[in-house]
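For reference, the structure discussed in these notes is given below.
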Amino acid sequence: LAPLYAILPRAIYPGKPVFFNSGRFANEYFGWKYGGISISLLGSLYFAWGYWGMLAAMAVVGAAMAALANRIARYGAVAMGSIVYFTVVTLHLLDVGMEFQPLLINMTRVFLLLAVVRLAWGFSIRNRTWRG
């Protein structure tokens with residue numbers, strides 16, 4: 001929900017999570033004014049929601065990955081959106097320095113890109129069918 005949290009001011013939602021990134025972590029914990037220290041996906045989830053939030057988030061990620069894998073196994077190459085999403089999530093999870101906020105933002109971008117491609121494809125097919 002980071003994209004939604006980003007637009008909500010703390011005056012409206014004072015309990016919204018504070019997300020850490022590598023630069024903020026290095027500044028607050030080590031006093032650095034430049035650079036950063038990676039806090040990892042689990043570390044960023046812990047800073048935002050504690051142990052239970054970290055476990056819940058990883059359970060949600062695991063369930064989503066299992067659902068994508070099942071969809072790909074069931075439909076094969078026809079499930080192109082699922083293949084793209086599964087690949088991008090897997091590549092992000094392989095990066096030890098990946099944090100929650102960039103992961104969520106990149107997944108939102110991929111989702112929006114796939115939605116635009118799907119809409120354009122549907123429009124193109126309808127346009128060709130109508131002319132034909």
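Residues are referred to by chain and number: the chain letter is A, B, ... according to the order shown in the structure tokens, the number counts from 1 in that chain, and ligands are numbered separately from 1 in the order shown.
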*Every residue of chain A that DSSP places in alpha helix (DSSP H), as a PyMOL selection string*: chain A and resi 2-7+22-30+40-75+80-94+100-131
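The interatomic distance for the pair atom CA of A:Trp52 and atom CA of A:Arg71 works out to 28.4 Å.
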*With only C-alpha atoms as the basis for distance, which of A:Pro14, A:Tyr34, A:Val61, A:Phe111 is at the shortest distance from A:Gly81?*
A:Phe111
